[in-house]
$ cat my_file_30.cif   # mmCIF, C-alpha atoms and all ligand atoms
data_entry
#
loop_
_atom_site.label_atom_id
_atom_site.label_comp_id
_atom_site.auth_asym_id
_atom_site.auth_seq_id
_atom_site.Cartn_x
_atom_site.Cartn_y
_atom_site.Cartn_z
CA MET A 4 0.47 6.36 -6.45
CA VAL A 5 -1.66 5.60 -3.39
CA ASP A 6 -5.40 5.30 -2.74
CA LEU A 7 -5.88 6.50 0.81
CA LYS A 8 -9.54 7.22 0.24
CA GLY A 9 -10.27 3.72 -1.07
CA GLN A 10 -8.48 2.27 1.93
CA TYR A 11 -10.39 4.49 4.37
CA ILE A 12 -13.81 3.65 2.92
CA LYS A 13 -13.32 -0.05 3.71
CA ILE A 14 -12.77 0.64 7.42
CA LYS A 15 -14.73 3.87 7.68
CA GLU A 16 -17.25 2.68 10.29
CA GLU A 17 -14.61 1.39 12.68
CA ILE A 18 -12.44 4.46 12.28
CA ASN A 19 -15.29 6.92 12.69
CA ILE A 20 -16.43 5.29 15.93
CA GLU A 21 -12.93 5.56 17.36
CA ILE A 22 -12.49 9.18 16.28
CA ARG A 23 -15.87 10.09 17.76
CA GLN A 24 -14.81 8.44 21.01
CA VAL A 25 -11.73 10.68 21.15
CA LEU A 26 -13.90 13.73 20.50
CA ASP A 27 -16.27 12.70 23.29
CA ASP A 28 -13.40 12.07 25.73
CA ALA A 29 -11.69 15.34 24.72
CA GLN A 30 -8.30 13.97 25.79
CA PHE A 31 -6.65 15.17 22.62
CA ILE A 32 -3.10 14.85 23.94
CA GLY A 33 -1.99 11.83 25.96
CA GLY A 34 -5.34 10.00 25.81
CA ALA A 35 -5.59 6.31 26.69
CA GLN A 36 -5.36 5.33 23.01
CA VAL A 37 -1.74 6.50 22.84
CA LYS A 38 -0.65 4.00 25.48
CA GLU A 39 -2.84 1.26 24.04
CA PHE A 40 -1.42 1.78 20.57
CA SER A 41 2.14 1.81 21.95
CA SER A 42 1.72 -1.53 23.65
CA GLU A 43 -0.06 -3.10 20.68
CA LEU A 44 2.71 -1.87 18.39
CA ALA A 45 5.33 -3.22 20.80
CA ARG A 46 3.64 -6.60 20.62
CA TYR A 47 3.44 -6.51 16.81
CA MET A 48 7.10 -5.53 16.57
CA THR A 49 8.22 -7.73 19.46
CA ALA A 50 9.95 -4.58 20.68
CA GLY A 51 10.94 -4.02 24.29
CA ASN A 52 9.91 -0.36 24.21
CA VAL A 53 7.88 1.85 21.89
CA ILE A 54 8.03 5.63 22.23
CA THR A 55 5.56 7.48 20.03
CA CYS A 56 6.35 10.92 18.66
CA ALA A 57 5.15 13.53 16.18
CA ASN A 58 6.68 12.23 12.93
CA GLY A 59 9.45 10.07 11.50
CA THR A 60 11.92 12.91 11.15
CA ASP A 61 11.52 13.74 14.84
CA ALA A 62 12.05 10.08 15.67
CA LEU A 63 15.42 10.17 13.91
CA GLN A 64 16.37 13.43 15.62
CA ILE A 65 15.33 12.21 19.07
CA ALA A 66 17.34 9.02 18.52
CA LEU A 67 20.48 11.01 17.73
CA MET A 68 19.86 13.38 20.67
CA ALA A 69 19.74 10.43 23.06
CA LEU A 70 23.21 9.14 22.20
CA ASN A 71 25.36 11.82 23.89
CA LEU A 72 27.08 12.82 20.68
CA GLU A 73 29.31 15.87 20.28
CA ARG A 74 29.38 18.42 17.50
CA GLY A 75 31.54 17.10 14.69
CA ASP A 76 30.88 13.45 15.45
CA GLU A 77 30.27 11.46 12.30
CA VAL A 78 27.18 9.50 11.28
CA ILE A 79 27.34 7.12 8.33
CA LEU A 80 24.21 6.98 6.18
CA PRO A 81 23.37 6.06 2.59
CA ALA A 82 23.66 8.74 -0.12
CA PHE A 83 20.47 7.35 -1.68
CA THR A 84 17.70 8.14 0.81
CA TYR A 85 15.07 10.70 1.69
CA ALA A 86 16.61 13.99 2.84
CA ALA A 87 15.26 13.61 6.40
CA THR A 88 17.91 11.00 7.22
CA ALA A 89 20.74 13.46 6.50
CA GLU A 90 18.85 16.52 7.67
CA VAL A 91 18.60 15.55 11.33
CA VAL A 92 22.31 14.72 11.39
CA ALA A 93 23.23 18.16 10.02
CA LEU A 94 20.69 19.90 12.24
CA LEU A 95 22.42 18.59 15.36
CA GLY A 96 25.86 19.74 14.21
CA LEU A 97 26.90 16.19 13.38
CA VAL A 98 28.62 15.21 10.14
CA PRO A 99 26.83 12.99 7.62
CA VAL A 100 29.33 10.64 5.98
CA LEU A 101 27.78 9.15 2.89
CA ALA A 102 27.89 5.51 1.90
CA ASP A 103 27.09 4.12 -1.51
CA VAL A 104 24.23 1.65 -1.94
CA SER A 105 23.77 -1.75 -3.52
CA PRO A 106 22.35 -1.68 -7.08
CA ASP A 107 20.20 -4.72 -6.24
CA SER A 108 18.68 -3.94 -2.85
CA PHE A 109 19.06 -0.12 -3.11
CA ASN A 110 20.20 -0.33 0.53
CA ILE A 111 23.48 0.73 2.13
CA GLU A 112 26.45 -1.19 0.67
CA THR A 113 28.15 -2.76 3.65
CA THR A 114 31.30 -4.14 1.99
CA ASN A 115 32.92 -0.68 1.79
CA LEU A 116 31.74 0.60 5.16
CA PRO A 117 35.05 0.06 7.03
CA GLN A 118 36.71 2.61 4.72
CA LEU A 119 34.22 5.25 5.85
CA ILE A 120 34.88 4.83 9.55
CA SER A 121 37.15 7.38 11.28
CA GLU A 122 38.02 8.24 14.90
CA ARG A 123 34.97 10.49 14.98
CA THR A 124 32.48 7.95 13.67
CA LYS A 125 29.83 7.23 16.30
CA VAL A 126 26.73 6.03 14.51
CA ILE A 127 25.63 4.03 11.47
CA MET A 128 22.16 4.87 10.19
CA PRO A 129 20.99 2.25 7.70
CA VAL A 130 17.73 2.99 5.88
CA HIS A 131 15.44 0.07 5.06
CA LEU A 132 14.44 1.46 1.71
CA TYR A 133 11.25 0.67 -0.24
CA GLY A 134 10.15 -2.14 2.10
CA GLN A 135 13.09 -4.41 2.78
CA SER A 136 15.84 -4.57 5.33
CA ALA A 137 19.37 -3.36 4.85
CA GLU A 138 22.10 -5.99 5.36
CA MET A 139 21.81 -5.75 9.15
CA GLU A 140 24.08 -8.62 10.12
CA SER A 141 27.04 -6.83 8.52
CA VAL A 142 25.96 -3.49 10.00
CA GLN A 143 25.68 -4.98 13.48
CA ASP A 144 29.02 -6.79 13.16
CA LEU A 145 30.78 -3.59 12.13
CA ALA A 146 29.08 -1.58 14.85
CA ARG A 147 30.24 -4.09 17.44
CA ARG A 148 33.78 -4.17 16.06
CA TYR A 149 34.16 -0.37 16.01
CA GLY A 150 32.01 0.48 19.03
CA LEU A 151 29.36 2.31 17.02
CA LYS A 152 25.65 2.80 17.67
CA VAL A 153 23.06 1.78 15.10
CA ILE A 154 19.93 3.80 14.37
CA GLU A 155 17.59 2.18 11.84
CA ASP A 156 15.52 4.45 9.61
CA ASN A 157 12.55 2.12 9.27
CA ALA A 158 10.07 4.66 7.89
CA GLN A 159 9.45 2.49 4.83
CA SER A 160 9.66 -1.10 6.08
CA ILE A 161 7.47 -1.60 9.12
CA GLY A 162 6.48 -5.27 9.29
CA ALA A 163 9.50 -6.56 7.35
CA ASP A 164 11.59 -9.29 9.01
CA TYR A 165 15.33 -9.80 8.75
CA THR A 166 16.84 -13.24 9.25
CA PHE A 167 20.40 -13.61 10.60
CA SER A 168 22.76 -16.37 9.45
CA ASN A 169 22.04 -18.30 12.67
CA GLY A 170 18.37 -18.48 11.67
CA ASN A 171 17.11 -15.86 14.16
CA SER A 172 14.61 -13.40 12.73
CA LYS A 173 13.91 -9.90 13.93
CA ARG A 174 11.55 -7.17 12.85
CA CYS A 175 13.18 -4.30 11.00
CA GLY A 176 13.46 -1.45 13.47
CA THR A 177 14.26 -3.68 16.45
CA ILE A 178 17.74 -4.80 15.40
CA GLY A 179 19.94 -1.78 16.07
CA ASP A 180 20.18 0.29 19.26
CA ILE A 181 17.22 2.42 18.18
CA GLY A 182 14.70 2.01 15.36
CA CYS A 183 12.63 4.85 13.96
CA THR A 184 9.46 4.85 11.94
CA SER A 185 6.94 7.23 10.40
CA PHE A 186 3.15 7.09 10.23
CA PHE A 187 2.90 9.64 7.41
CA PRO A 188 -0.36 8.83 5.56
CA SER A 189 1.29 7.16 2.57
CA LYS A 190 3.59 4.90 4.63
CA ASN A 191 2.63 1.25 5.03
CA LEU A 192 1.16 2.02 8.46
CA GLY A 193 -0.14 5.54 7.95
CA CYS A 194 -2.31 7.76 10.11
CA PHE A 195 -4.48 10.71 9.04
CA GLY A 196 -1.85 13.33 9.70
CA ASP A 197 1.67 13.09 11.08
CA GLY A 198 3.04 10.52 13.49
CA GLY A 199 6.15 8.55 14.32
CA ALA A 200 7.68 6.12 16.78
CA LEU A 201 10.96 4.86 18.19
CA PHE A 202 11.86 1.31 19.19
CA THR A 203 14.54 0.11 21.57
CA GLU A 204 15.30 -2.96 23.65
CA ASP A 205 17.29 -0.88 26.16
CA ASP A 206 15.00 0.29 29.00
CA GLU A 207 17.33 3.09 30.12
CA LEU A 208 17.65 4.40 26.60
CA ALA A 209 13.85 4.19 26.27
CA GLU A 210 13.48 6.40 29.34
CA ARG A 211 15.88 8.92 27.82
CA LEU A 212 14.07 8.91 24.49
CA ARG A 213 10.77 9.43 26.27
CA MET A 214 12.20 12.35 28.22
CA ILE A 215 13.71 14.00 25.15
CA ALA A 216 10.40 13.79 23.29
CA ASN A 217 8.79 15.47 26.29
CA HIS A 218 10.93 18.60 26.83
CA GLY A 219 13.61 16.65 28.67
CA GLN A 220 11.39 16.13 31.69
CA ARG A 221 10.54 13.02 33.64
CA LEU A 222 8.54 14.87 36.27
CA LYS A 223 6.39 17.80 35.25
CA TYR A 224 8.33 21.11 35.24
CA LYS A 225 11.58 19.38 36.13
CA HIS A 226 13.77 19.53 33.03
CA ASP A 227 16.92 17.41 33.29
CA ILE A 228 18.07 17.47 29.69
CA VAL A 229 17.40 19.65 26.68
CA GLY A 230 14.58 17.98 24.78
CA CYS A 231 11.91 18.88 22.32
CA ASN A 232 8.15 18.65 21.99
CA SER A 233 7.19 15.67 19.90
CA ARG A 234 4.08 13.63 20.53
CA LEU A 235 1.56 11.46 18.72
CA ASP A 236 -1.88 12.91 19.38
CA THR A 237 -4.79 10.81 20.58
CA ILE A 238 -6.81 10.89 17.34
CA GLN A 239 -3.85 9.58 15.36
CA ALA A 240 -3.21 6.86 17.95
CA ALA A 241 -6.87 5.80 17.79
CA ILE A 242 -6.68 5.56 13.99
CA LEU A 243 -3.38 3.71 14.12
CA ARG A 244 -4.74 1.09 16.54
CA ILE A 245 -7.29 0.10 13.93
CA LYS A 246 -4.91 0.27 11.01
CA LEU A 247 -2.32 -1.81 12.88
CA SER A 248 -4.88 -4.63 13.09
CA TYR A 249 -4.98 -4.57 9.27
CA LEU A 250 -1.25 -4.15 8.68
CA ASP A 251 -0.55 -7.79 7.86
CA SER A 252 -3.42 -7.89 5.36
CA TYR A 253 -2.16 -4.61 3.86
CA ILE A 254 1.30 -6.13 3.50
CA ALA A 255 -0.22 -9.22 1.87
CA ALA A 256 -2.07 -6.99 -0.63
CA ARG A 257 1.15 -5.15 -1.49
CA ARG A 258 3.02 -8.42 -1.93
CA GLU A 259 0.29 -9.76 -4.19
CA ALA A 260 0.43 -6.56 -6.28
CA SER A 261 4.20 -6.94 -6.56
CA ARG A 262 3.81 -10.55 -7.69
CA LEU A 263 1.45 -9.46 -10.44
CA TYR A 264 3.76 -6.62 -11.55
CA ARG A 265 6.58 -9.17 -11.87
CA GLU A 266 4.44 -11.42 -14.00
CA LEU A 267 3.23 -8.57 -16.21
CA LEU A 268 6.61 -6.88 -16.66
CA SER A 269 8.92 -9.90 -16.85
CA ASP A 270 9.23 -9.88 -20.66
CA ILE A 271 10.24 -6.22 -21.00
CA GLU A 272 14.00 -6.30 -21.23
CA GLU A 273 14.47 -2.53 -20.74
CA VAL A 274 12.98 -2.92 -17.24
CA VAL A 275 14.93 -4.33 -14.27
CA LEU A 276 12.54 -5.61 -11.62
CA PRO A 277 13.33 -5.00 -7.93
CA ALA A 278 15.42 -7.78 -6.35
CA GLU A 279 14.21 -9.49 -3.21
CA SER A 280 16.88 -9.88 -0.56
CA GLN A 281 17.64 -13.42 0.66
CA ARG A 282 17.62 -12.21 4.25
CA SER A 283 14.63 -9.90 4.39
CA THR A 284 10.96 -10.19 3.71
CA HIS A 285 9.73 -7.37 1.46
CA VAL A 286 6.69 -5.29 2.46
CA TYR A 287 6.71 -3.28 -0.81
CA HIS A 288 6.37 0.25 0.41
CA GLN A 289 7.40 0.96 -3.17
CA PHE A 290 7.62 -1.16 -6.29
CA THR A 291 10.67 0.43 -7.87
CA ILE A 292 12.01 -0.60 -11.24
CA ARG A 293 15.25 0.45 -12.92
CA CYS A 294 14.69 1.34 -16.52
CA GLN A 295 16.15 2.84 -19.66
CA ARG A 296 15.06 6.32 -20.79
CA ARG A 297 13.42 6.78 -17.37
CA ASP A 298 12.29 10.39 -17.74
CA GLU A 299 10.73 9.72 -21.16
CA LEU A 300 8.90 6.69 -19.79
CA LYS A 301 7.62 8.71 -16.85
CA GLU A 302 6.30 11.41 -19.22
CA PHE A 303 4.74 8.79 -21.51
CA LEU A 304 2.96 7.15 -18.55
CA HIS A 305 1.81 10.53 -17.27
CA ASN A 306 0.19 11.24 -20.63
CA LYS A 307 -1.67 7.92 -20.40
CA GLY A 308 -2.94 8.82 -16.94
CA VAL A 309 -0.51 6.57 -15.07
CA PRO A 310 1.28 8.23 -12.15
CA SER A 311 4.84 7.27 -11.27
CA MET A 312 7.45 8.83 -9.00
CA VAL A 313 11.20 9.12 -8.78
CA TYR A 314 12.35 8.29 -5.26
CA TYR A 315 14.92 9.90 -5.29
CA PRO A 316 16.05 12.09 -8.18
CA ILE A 317 19.10 13.65 -6.44
CA PRO A 318 21.56 11.92 -4.09
CA ILE A 319 22.24 13.61 -0.75
CA HIS A 320 25.69 14.92 -1.74
CA ARG A 321 24.25 16.69 -4.80
CA GLN A 322 21.58 18.50 -2.77
CA ARG A 323 22.52 22.13 -2.24
CA ALA A 324 21.63 21.94 1.47
CA PHE A 325 24.16 19.17 2.08
CA SER A 326 26.83 19.70 -0.56
CA ASP A 327 29.07 21.59 1.90
CA ILE A 328 28.20 19.46 4.92
CA ALA A 329 28.14 15.88 3.75
CA VAL A 330 31.46 14.05 3.67
CA ILE A 331 32.36 11.83 0.73
CA ARG A 332 35.02 9.25 1.47
CA GLY A 333 34.45 6.83 -1.35
CA ASP A 334 32.72 6.18 -4.59
CA LEU A 335 28.99 7.03 -4.68
CA SER A 336 28.43 6.06 -8.27
CA VAL A 337 25.66 3.53 -7.64
CA ALA A 338 23.62 6.14 -5.75
CA GLU A 339 24.16 8.56 -8.63
CA ARG A 340 23.21 6.02 -11.25
CA LEU A 341 20.07 4.94 -9.39
CA CYS A 342 18.89 8.56 -9.29
CA GLU A 343 18.88 8.41 -13.11
CA GLU A 344 17.28 4.97 -13.45
CA VAL A 345 14.71 4.34 -10.72
CA LEU A 346 10.98 4.68 -11.21
CA SER A 347 8.39 3.76 -8.59
CA LEU A 348 5.08 2.50 -9.97
CA PRO A 349 1.72 2.85 -8.20
CA MET A 350 1.81 0.54 -5.17
CA HIS A 351 -0.86 0.41 -2.51
CA THR A 352 -3.43 -1.82 -0.89
CA GLU A 353 -6.26 -0.99 -3.30
CA LEU A 354 -4.54 -1.69 -6.65
CA THR A 355 -6.61 -3.86 -8.96
CA ALA A 356 -5.37 -6.39 -11.51
CA ASP A 357 -6.99 -4.25 -14.22
CA GLN A 358 -5.08 -1.17 -13.15
CA GLN A 359 -1.84 -3.11 -13.07
CA GLY A 360 -2.56 -4.57 -16.50
CA PHE A 361 -3.14 -1.06 -17.87
CA ILE A 362 0.11 0.20 -16.32
CA ALA A 363 2.15 -2.75 -17.63
CA ASN A 364 0.65 -2.49 -21.13
CA ASN A 365 1.61 1.14 -21.34
CA ILE A 366 5.17 0.41 -20.23
CA ARG A 367 5.36 -2.26 -22.93
CA LYS A 368 3.93 0.14 -25.52
CA PHE A 369 6.59 2.72 -24.66
CA TYR A 370 9.49 0.37 -25.36
CA ARG A 371 8.02 -1.15 -28.47
C1 LIG A 401 9.03 9.28 5.35
C2 LIG A 401 10.46 9.12 5.69
C3 LIG A 401 11.06 9.83 6.74
C4 LIG A 401 10.37 10.95 7.48
O1 LIG A 401 9.16 10.67 8.04
P1 LIG A 401 8.14 11.89 8.34
O2 LIG A 401 7.10 11.26 9.18
O3 LIG A 401 7.63 12.38 7.03
O4 LIG A 401 8.91 12.94 9.08
C5 LIG A 401 12.38 9.56 7.03
N1 LIG A 401 13.08 8.65 6.33
C6 LIG A 401 12.55 7.97 5.31
C7 LIG A 401 13.39 6.96 4.59
C8 LIG A 401 11.23 8.18 4.93
O5 LIG A 401 10.71 7.50 3.90
#
$ encode --input "my_file_30.cif" --output "structure tokens" --more "lines below"
Ligand SMILES: *Cc1c(COP(=O)(O)O)cnc(C)c1O
Amino acid sequence: MVDLKGQYIKIKEEINIEIRQVLDDAQFIGGAQVKEFSSELARYMTAGNVITCANGTDALQIALMALNLERGDEVILPAFTYAATAEVVALLGLVPVLADVSPDSFNIETTNLPQLISERTKVIMPVHLYGQSAEMESVQDLARRYGLKVIEDNAQSIGADYTFSNGNSKRCGTIGDIGCTSFFPSKNLGCFGDGGALFTEDDELAERLRMIANHGQRLKYKHDIVGCNSRLDTIQAAILRIKLSYLDSYIAARREASRLYRELLSDIEEVVLPAESQRSTHVYHQFTIRCQRRDELKEFLHNKGVPSMVYYPIPIHRQRAFSDIAVIRGDLSVAERLCEEVLSLPMHTELTADQQGFIANNIRKFYR
């Protein structure tokens, strides 16, 4: 599905020099590279503030912790997402209210969102799934109208841009009150372990996020709020600085691979290719098709040596962990159907045209 080794080998010299520098400096926590990476990422994202942390799930949790929510407050999120999005909500004693998703973009369906809002609703958490932005203009309009906060789960779409109807463009993750991302190795900007970051334009909120990630302290041993321990270590920051300088070329490689998939798969009528949103650029974290007889196709490909993955096989409300916690206030049938139909094909920066040809030929063979 990914080729992290192939990607590493191409930048091995640069990376090894930086890692060795961290070893020589022995500033394993809070080294200079953490600050340097934060400001370079802020520039790339055109974000007012970047707060690094230990992983993407922590980023989501820290974001929620910063918003002064009370137990029982409701957070609207898509039913079709990675469990982490719902998990942090439940963990903090908040109530995940599930929204259905669009069958085209796979992102939160905004037309029905007003029906999900109650007196206790405080936050909307759109997820920019697979590499493109959720319909953020509608999300922001609703949030403004109902006085809600917006936390973007941007673990999968770093580098994607969303364009508003007035022509203004913003990076995914810098549109809502807080944006969150993950540097898990297989993400579009991945480190060699765990890592994450938060984005906000609000300087006061940034200070609060920074404190929460650091045991609720601003000054050492003076703890003003209950926080947690969540930090990006220096080695990961050093690696991420280098990989950030390649991010645009990595995105271009993914987009080129997606173009070729489209060309190769266009004549297979059992396969629905992923739609590109009018408003968002697509950074192709995943190339996810919808297809007939999905599980059989997956097995067939596996037997030919072609990996594929189902992101995600079970919607949040059907997961045992959340079945008693998550609130359903409307139809979730698209989320349920997608769990039966989606299949993500290998998508990474090192894919070759030959590999893609082999994958496409086998998909064609299966349906013939
Ligand atoms: C990867 C991911 C996360 C969690 O990130 P980690 O760094 O693994 O904690 C959260 N949400 C989505 C949508 C993700 O893809």
$ atom_distance --input "my_file_30.cif" --atom1 "CA of Ala256 in chain A" --atom2 "CA of Lys173 in chain A"
21.8 Å
$ atom_distance --input "my_file_30.cif" --atom1 "CA of Asp205 in chain A" --atom2 "atom C4 of ligand LIG 401 (chain A)"
23.2 Å
$ closest_residue --input "my_file_30.cif" --among "A:Ile18, A:Leu212, A:Ala146, A:Met4" --to "Leu243 in chain A" --atoms "all atoms listed in the file"
A:Ile18
$ residues_near_ligand --input "my_file_30.cif" --ligand "ligand LIG 401 (chain A)" --cutoff "10 Å" --atoms "all atoms listed in the file" --output "ChimeraX atom specification"
/A:56-64,83-91,129-134,155-160,183-190,193,196-200,288,314
$ residues_around --input "my_file_30.cif" --residues "Pro318 in chain A" --least-positions-apart "6" --cutoff "12 Å" --atoms "only C-alpha atoms" --output "PyMOL selection string"
chain A and resi 80-86+88-89+101-104+324-326+329+331+335-343
$ residues_around --input "my_file_30.cif" --residues "range 121-125 of chain A" --least-positions-apart "3" --cutoff "7 Å" --atoms "all atoms listed in the file" --output "mmCIF file with C-alpha atoms, in the coordinates of the input"
data_model
loop_
_atom_site.group_PDB
_atom_site.id
_atom_site.type_symbol
_atom_site.label_atom_id
_atom_site.label_comp_id
_atom_site.auth_asym_id
_atom_site.auth_seq_id
_atom_site.Cartn_x
_atom_site.Cartn_y
_atom_site.Cartn_z
ATOM 1 C CA ASP A 76 30.880 13.450 15.450
ATOM 2 C CA GLU A 77 30.270 11.460 12.300
ATOM 3 C CA VAL A 78 27.180 9.500 11.280
ATOM 4 C CA LEU A 151 29.360 2.310 17.020
ATOM 5 C CA LYS A 152 25.650 2.800 17.670
#
$ closest_residue --input "my_file_30.cif" --among "A:Ile65, A:Ile254, A:Leu26, A:Ile111" --to "His285 in chain A" --atoms "only C-alpha atoms"
A:Ile254
$ closest_residue --input "my_file_30.cif" --among "A:Leu263, A:Cys194, A:Leu276, A:Ile79" --to "Gln10 in chain A" --atoms "all atoms listed in the file"
A:Cys194
$ atom_distance --input "my_file_30.cif" --atom1 "CA of Val274 in chain A" --atom2 "CA of Ala363 in chain A"
10.8 Å
$ closest_residue --input "my_file_30.cif" --among "A:Leu119, A:Ala29, A:Val286, A:Ile178" --to "Gly333 in chain A" --atoms "all atoms listed in the file"
A:Leu119
$ residues_around --input "my_file_30.cif" --residues "Thr166 in chain A" --least-positions-apart "6" --cutoff "8 Å" --atoms "only C-alpha atoms" --output "MDAnalysis selection string"
chainID A and resid 172:173 282:283
$ residues_around --input "my_file_30.cif" --residues "Phe40 in chain A" --least-positions-apart "2" --cutoff "8 Å" --atoms "all atoms listed in the file" --output "PDB file with C-alpha atoms, in the coordinates of the input"
ATOM      1  CA  GLN A  36      -5.360   5.330  23.010  1.00  0.00           C
ATOM      2  CA  VAL A  37      -1.740   6.500  22.840  1.00  0.00           C
ATOM      3  CA  LYS A  38      -0.650   4.000  25.480  1.00  0.00           C
ATOM      4  CA  SER A  42       1.720  -1.530  23.650  1.00  0.00           C
ATOM      5  CA  GLU A  43      -0.060  -3.100  20.680  1.00  0.00           C
ATOM      6  CA  LEU A  44       2.710  -1.870  18.390  1.00  0.00           C
ATOM      7  CA  ALA A 240      -3.210   6.860  17.950  1.00  0.00           C
ATOM      8  CA  ALA A 241      -6.870   5.800  17.790  1.00  0.00           C
ATOM      9  CA  LEU A 243      -3.380   3.710  14.120  1.00  0.00           C
ATOM     10  CA  ARG A 244      -4.740   1.090  16.540  1.00  0.00           C
TER      11      ARG A 244
END
$ closest_residue --input "my_file_30.cif" --among "A:Thr114, A:Gln135, A:Asn191, A:Asn52" --to "Thr203 in chain A" --atoms "only C-alpha atoms"
A:Asn52
$ axis_aligned_box --input "my_file_30.cif" --around "range 26-37 of chain A" --padding-each-side "8 Å" --output "lines of an AutoDock Vina configuration file"
center_x = -9.0
center_y = 10.3
center_z = 23.6
size_x = 30.5
size_y = 26.0
size_z = 22.2
$ closest_residue --input "my_file_30.cif" --among "A:Arg174, A:Arg23, A:Arg147, A:Lys8" --to "His351 in chain A" --atoms "all atoms listed in the file"
A:Lys8
$ residues_around --input "my_file_30.cif" --residues "Arg74 in chain A" --least-positions-apart "4" --cutoff "10 Å" --atoms "only C-alpha atoms" --output "list in words"
Ala93, Leu95, Gly96, Leu97 and Val98 of chain A
